[in-house]
>>> print(open('coords.cif').read())   # mmCIF, C-alpha atoms
data_target
loop_
_atom_site.label_atom_id
_atom_site.label_comp_id
_atom_site.auth_asym_id
_atom_site.auth_seq_id
_atom_site.Cartn_x
_atom_site.Cartn_y
_atom_site.Cartn_z
CA ALA A 19 -248.91 196.67 18.54
CA ALA A 20 -251.84 198.81 17.40
CA TYR A 21 -253.54 201.36 19.60
CA GLU A 22 -256.46 199.96 21.58
CA GLY A 23 -259.60 199.87 19.47
CA TYR A 24 -257.71 200.22 16.19
CA GLY A 25 -256.57 197.70 13.64
CA ALA A 26 -253.31 198.37 11.79
CA GLU A 27 -252.08 197.73 8.27
CA TRP A 28 -248.46 198.23 7.19
CA HIS A 29 -246.26 198.38 4.12
CA TRP A 30 -242.55 198.68 4.76
CA SER A 31 -239.42 198.71 2.66
CA GLU A 32 -237.19 195.72 2.03
CA LYS A 33 -234.28 197.87 3.27
CA LYS A 34 -234.63 197.87 7.06
CA GLY A 35 -235.45 201.28 8.56
CA TYR A 36 -235.64 203.03 5.19
CA CYS A 37 -239.31 203.92 4.86
CA GLY A 38 -242.83 202.63 5.21
CA VAL A 39 -246.47 203.56 5.74
CA SER A 40 -249.17 202.43 8.15
CA THR A 41 -252.89 203.01 8.47
CA PHE A 42 -254.83 202.63 11.71
CA SER A 43 -258.59 202.25 11.55
CA LYS A 44 -261.45 201.35 13.88
CA VAL A 45 -263.31 199.73 10.98
CA LYS A 46 -261.69 196.75 9.29
CA PRO A 47 -261.00 197.48 5.61
CA GLU A 48 -262.74 195.32 3.03
CA ARG A 49 -259.52 195.06 1.00
CA VAL A 50 -255.86 196.00 1.53
CA ASP A 51 -253.35 196.48 -1.29
CA ARG A 52 -249.65 197.08 -0.78
CA GLY A 53 -247.60 198.89 -3.39
CA LEU A 54 -248.31 200.08 -6.92
CA GLY A 55 -247.94 196.66 -8.48
CA SER A 56 -244.47 197.57 -9.76
CA ARG A 57 -241.24 195.78 -8.87
CA LEU A 58 -239.40 199.05 -9.49
CA PHE A 59 -241.23 200.89 -6.70
CA ASP A 60 -242.72 198.39 -4.30
CA GLY A 61 -239.52 197.31 -2.56
CA GLU A 62 -239.47 200.74 -0.92
CA GLY A 63 -242.75 200.22 0.96
CA ARG A 64 -244.39 203.49 -0.04
CA VAL A 65 -248.05 202.75 -0.81
CA LEU A 66 -250.80 201.29 1.35
CA THR A 67 -254.36 201.19 -0.02
CA THR A 68 -257.26 200.40 2.27
CA VAL A 69 -260.69 199.97 0.71
CA PHE A 70 -263.67 200.60 2.96
CA ARG A 71 -267.38 200.34 2.17
CA ASP A 72 -267.69 204.11 1.77
CA PHE A 73 -264.30 205.19 0.39
CA THR A 74 -260.80 204.16 -0.67
CA LEU A 75 -257.77 205.56 1.19
CA PHE A 76 -254.37 205.77 -0.46
CA ASN A 77 -251.69 206.31 2.18
CA VAL A 78 -248.52 207.22 0.28
CA TYR A 79 -244.96 208.26 1.09
CA PHE A 80 -243.88 209.79 -2.22
CA PRO A 81 -240.14 209.71 -3.05
CA ASN A 82 -237.78 212.60 -2.42
CA GLY A 83 -235.96 213.75 -5.55
CA LYS A 84 -233.28 215.97 -3.99
CA SER A 85 -230.33 213.64 -3.66
CA ARG A 86 -229.50 213.11 -7.35
CA ASP A 87 -230.95 213.18 -10.86
CA GLU A 88 -231.77 209.45 -10.76
CA ARG A 89 -233.97 209.95 -7.71
CA LEU A 90 -235.79 212.85 -9.34
CA ARG A 91 -236.54 210.60 -12.33
CA PHE A 92 -237.65 207.86 -9.91
CA LYS A 93 -239.95 210.36 -8.18
CA MET A 94 -241.53 211.58 -11.42
CA ASP A 95 -242.00 207.98 -12.66
CA PHE A 96 -243.57 207.10 -9.30
CA TYR A 97 -245.96 210.06 -9.67
CA GLU A 98 -247.06 208.84 -13.11
CA SER A 99 -247.48 205.25 -11.94
CA PHE A 100 -249.62 206.45 -9.06
CA LEU A 101 -251.95 208.25 -11.49
CA GLU A 102 -252.34 204.95 -13.37
CA VAL A 103 -253.28 203.18 -10.12
CA LEU A 104 -255.86 205.89 -9.42
CA ALA A 105 -257.30 205.45 -12.90
CA ARG A 106 -257.63 201.69 -12.35
CA ALA A 107 -259.39 202.26 -9.01
CA ARG A 108 -261.89 204.56 -10.67
CA LYS A 109 -262.53 202.01 -13.41
CA ARG A 110 -263.45 199.56 -10.64
CA GLY A 111 -266.01 202.09 -9.43
CA GLU A 112 -263.99 203.42 -6.50
CA ASP A 113 -264.85 207.08 -7.04
CA ARG A 114 -264.77 208.23 -3.41
CA ILE A 115 -261.02 208.48 -2.86
CA LEU A 116 -258.75 210.04 -0.24
CA ILE A 117 -255.00 210.41 -0.81
CA CYS A 118 -252.85 211.26 2.18
CA GLY A 119 -249.17 211.41 2.94
CA ASP A 120 -245.87 213.12 2.30
CA MET A 121 -245.93 214.26 -1.33
CA ASN A 122 -242.41 215.73 -1.05
CA THR A 123 -243.59 218.69 -3.15
CA ALA A 124 -244.89 222.12 -2.16
CA HIS A 125 -247.69 222.93 -4.59
CA ARG A 126 -247.67 226.73 -4.83
CA GLU A 127 -245.50 229.64 -3.66
CA ILE A 128 -247.78 230.03 -0.66
CA ASP A 129 -246.83 226.50 0.43
CA LEU A 130 -243.20 227.21 1.30
CA ALA A 131 -241.40 230.01 3.09
CA ARG A 132 -238.79 230.69 0.38
CA PRO A 133 -240.26 229.90 -3.04
CA LYS A 134 -237.84 231.99 -5.15
CA GLU A 135 -234.76 230.42 -3.57
CA ASN A 136 -236.14 226.90 -4.07
CA ARG A 137 -237.58 227.08 -7.60
CA LYS A 138 -234.68 224.99 -8.95
CA ILE A 139 -234.66 222.53 -6.05
CA SER A 140 -236.55 219.23 -6.07
CA GLY A 141 -239.65 219.70 -3.98
CA PHE A 142 -240.63 222.87 -5.82
CA LEU A 143 -239.59 222.21 -9.42
CA PRO A 144 -242.13 223.26 -12.08
CA GLN A 145 -242.72 219.66 -13.21
CA GLU A 146 -243.38 218.53 -9.63
CA CYS A 147 -245.88 221.34 -9.01
CA ALA A 148 -247.51 220.61 -12.38
CA TRP A 149 -248.10 217.02 -11.29
CA ILE A 150 -250.21 218.25 -8.36
CA ASP A 151 -252.08 220.48 -10.83
CA THR A 152 -252.77 217.34 -12.88
CA LEU A 153 -254.03 215.47 -9.82
CA LEU A 154 -256.39 218.33 -8.94
CA SER A 155 -257.61 218.55 -12.54
CA GLN A 156 -258.61 214.88 -12.32
CA GLY A 157 -261.26 215.66 -9.74
CA PHE A 158 -259.48 216.11 -6.40
CA VAL A 159 -259.38 218.97 -3.91
CA ASP A 160 -256.66 219.98 -1.45
CA SER A 161 -258.58 219.64 1.82
CA PHE A 162 -256.38 222.11 3.72
CA ARG A 163 -257.01 224.86 1.17
CA GLU A 164 -260.74 224.34 1.49
CA PHE A 165 -260.43 225.88 4.98
CA GLU A 166 -257.22 227.94 4.97
CA LYS A 167 -256.28 230.30 2.13
CA GLY A 168 -253.39 232.09 3.86
CA GLY A 169 -249.65 231.47 3.94
CA GLY A 170 -247.24 230.58 6.73
CA HIS A 171 -248.68 227.08 7.28
CA TYR A 172 -246.07 224.35 6.91
CA SER A 173 -245.79 220.66 7.74
CA TYR A 174 -242.02 220.12 7.34
CA TRP A 175 -238.90 222.00 8.46
CA ASP A 176 -235.25 221.20 7.83
CA GLN A 177 -233.66 220.10 11.12
CA MET A 178 -230.09 220.88 10.12
CA THR A 179 -230.76 224.61 9.82
CA PHE A 180 -233.11 224.91 12.84
CA ALA A 181 -235.76 226.04 10.36
CA ARG A 182 -238.67 225.18 12.64
CA GLU A 183 -237.73 227.82 15.18
CA ARG A 184 -237.91 230.41 12.39
CA ASN A 185 -240.91 228.78 10.65
CA VAL A 186 -238.94 228.48 7.41
CA GLY A 187 -240.93 225.50 6.26
CA TRP A 188 -242.68 223.62 3.49
CA ARG A 189 -246.23 222.29 3.23
CA ILE A 190 -245.53 218.94 1.59
CA ASP A 191 -247.99 216.72 3.50
CA TYR A 192 -251.54 216.60 2.16
CA PHE A 193 -255.00 215.12 2.26
CA PHE A 194 -256.49 215.23 -1.23
CA VAL A 195 -260.10 214.10 -1.54
CA SER A 196 -262.41 213.39 -4.45
CA LYS A 197 -264.75 216.26 -5.25
CA SER A 198 -267.58 213.83 -4.49
CA LEU A 199 -266.43 213.93 -0.84
CA ARG A 200 -266.05 217.71 -0.62
CA SER A 201 -269.44 218.21 1.06
CA ARG A 202 -268.40 215.77 3.79
CA LEU A 203 -265.25 217.68 4.76
CA LYS A 204 -265.55 219.05 8.31
CA ASN A 205 -262.05 220.47 8.83
CA ALA A 206 -258.42 220.14 7.78
CA PHE A 207 -255.54 221.56 9.80
CA ILE A 208 -251.83 221.38 10.58
CA MET A 209 -250.50 221.01 14.13
CA PRO A 210 -247.04 222.65 14.24
CA GLU A 211 -247.03 222.59 18.04
CA ILE A 212 -246.68 218.78 18.01
CA MET A 213 -242.97 217.98 18.20
CA GLY A 214 -241.02 214.77 17.67
CA SER A 215 -240.23 214.84 13.96
CA ASP A 216 -239.12 217.15 11.16
CA HIS A 217 -242.78 216.85 10.04
CA CYS A 218 -245.87 217.61 12.10
CA PRO A 219 -249.38 216.13 12.03
#
>>> encode(input="coords.cif", output="structure tokens")
Amino acid sequence: AAYEGYGAEWHWSEKKGYCGVSTFSKVKPERVDRGLGSRLFDGEGRVLTTVFRDFTLFNVYFPNGKSRDERLRFKMDFYESFLEVLARARKRGEDRILICGDMNTAHREIDLARPKENRKISGFLPQECAWIDTLLSQGFVDSFREFEKGGGHYSYWDQMTFARERNVGWRIDYFFVSKSLRSRLKNAFIMPEIMGSDHCP
């Protein structure tokens, strides 16, 4: 059930309990799309697009590429397919876009506690970071960095190594917004004090 006053949209994986995304909104979206339009990716329930009168929101759980080479290839192919979906949205005139979710990549050295040790690990590989550079070059801004330029701000910590207690984390969760929406940004922040997951709001 949705929270009182909110409607809910969902996209979940065919494999029960594997992954999924949901968007709660007080205003009913004008259109809802699930997936990227690709049989390769859409069984995993990773993309939920809600189109409102004033903007389009892409809520995305990007793949993790750490487990094996095949998953890294899957992740990079997913990244490229997502750019194609963005391009199609812009062709339709949807130029006020927000992209939120777990990107599974820390963008710059400032976005993870141990960049040198992780440079050859998926999540901070050069090609993954370069993809975020590409996204930004296509007219998006990292909302968090509009307000916070310093380090030590993370949204994910490994539970197995008790990394949260030591703040050895990664900033891999983002809100990217079109430059056309930059003037409407009021704030962007991370809430590490909120427990209950290996990620925080």
>>> closest_residue(input="coords.cif", among="A:Thr123, A:Glu183, A:Met209, A:Lys93", to="A:Leu143", atoms="only C-alpha atoms")
A:Thr123
>>> atom_distance(input="coords.cif", atom1="atom CA of A:Glu32", atom2="atom CA of A:Met213")
28.1 Å
>>> resolve_selection(input="coords.cif", expression="the PyMOL selection byres ((chain A and resi 187-192) around 7)", output="NGL selection string")
:A and (118-124 or 129-131 or 171-175 or 181-182 or 185-186 or 193-194)
>>> resolve_selection(input="coords.cif", expression="the PyMOL selection byres ((chain A and resi 90) around 12)", output="JSON, numbers by chain")
{"A": [80, 81, 82, 83, 84, 85, 86, 87, 88, 89, 91, 92, 93, 94, 95, 96, 97, 122, 123, 139, 140, 141, 142, 143, 145, 146]}
>>> closest_residue(input="coords.cif", among="A:Asn136, A:Ser43, A:Thr74, A:Ser161", to="A:Leu203", atoms="all atoms listed in the file")
A:Ser161
>>> residues_around(input="coords.cif", residues="A:Gln177", least_positions_apart="6", cutoff="10 Å", atoms="all atoms listed in the file", output="list in words")
Glu183, Ser215, Asp216 and His217 of chain A
>>> atom_distance(input="coords.cif", atom1="atom CA of A:Ala107", atom2="atom CA of A:Phe73")
11.0 Å
>>> atom_distance(input="coords.cif", atom1="atom CA of A:Glu48", atom2="atom CA of A:Val103")
18.0 Å
>>> closest_residue(input="coords.cif", among="A:Ser99, A:Leu104, A:Arg126, A:Ala26", to="A:Phe59", atoms="only C-alpha atoms")
A:Ser99
>>> closest_residue(input="coords.cif", among="A:Leu66, A:Met178, A:Cys147, A:Leu199", to="A:Val159", atoms="only C-alpha atoms")
A:Leu199
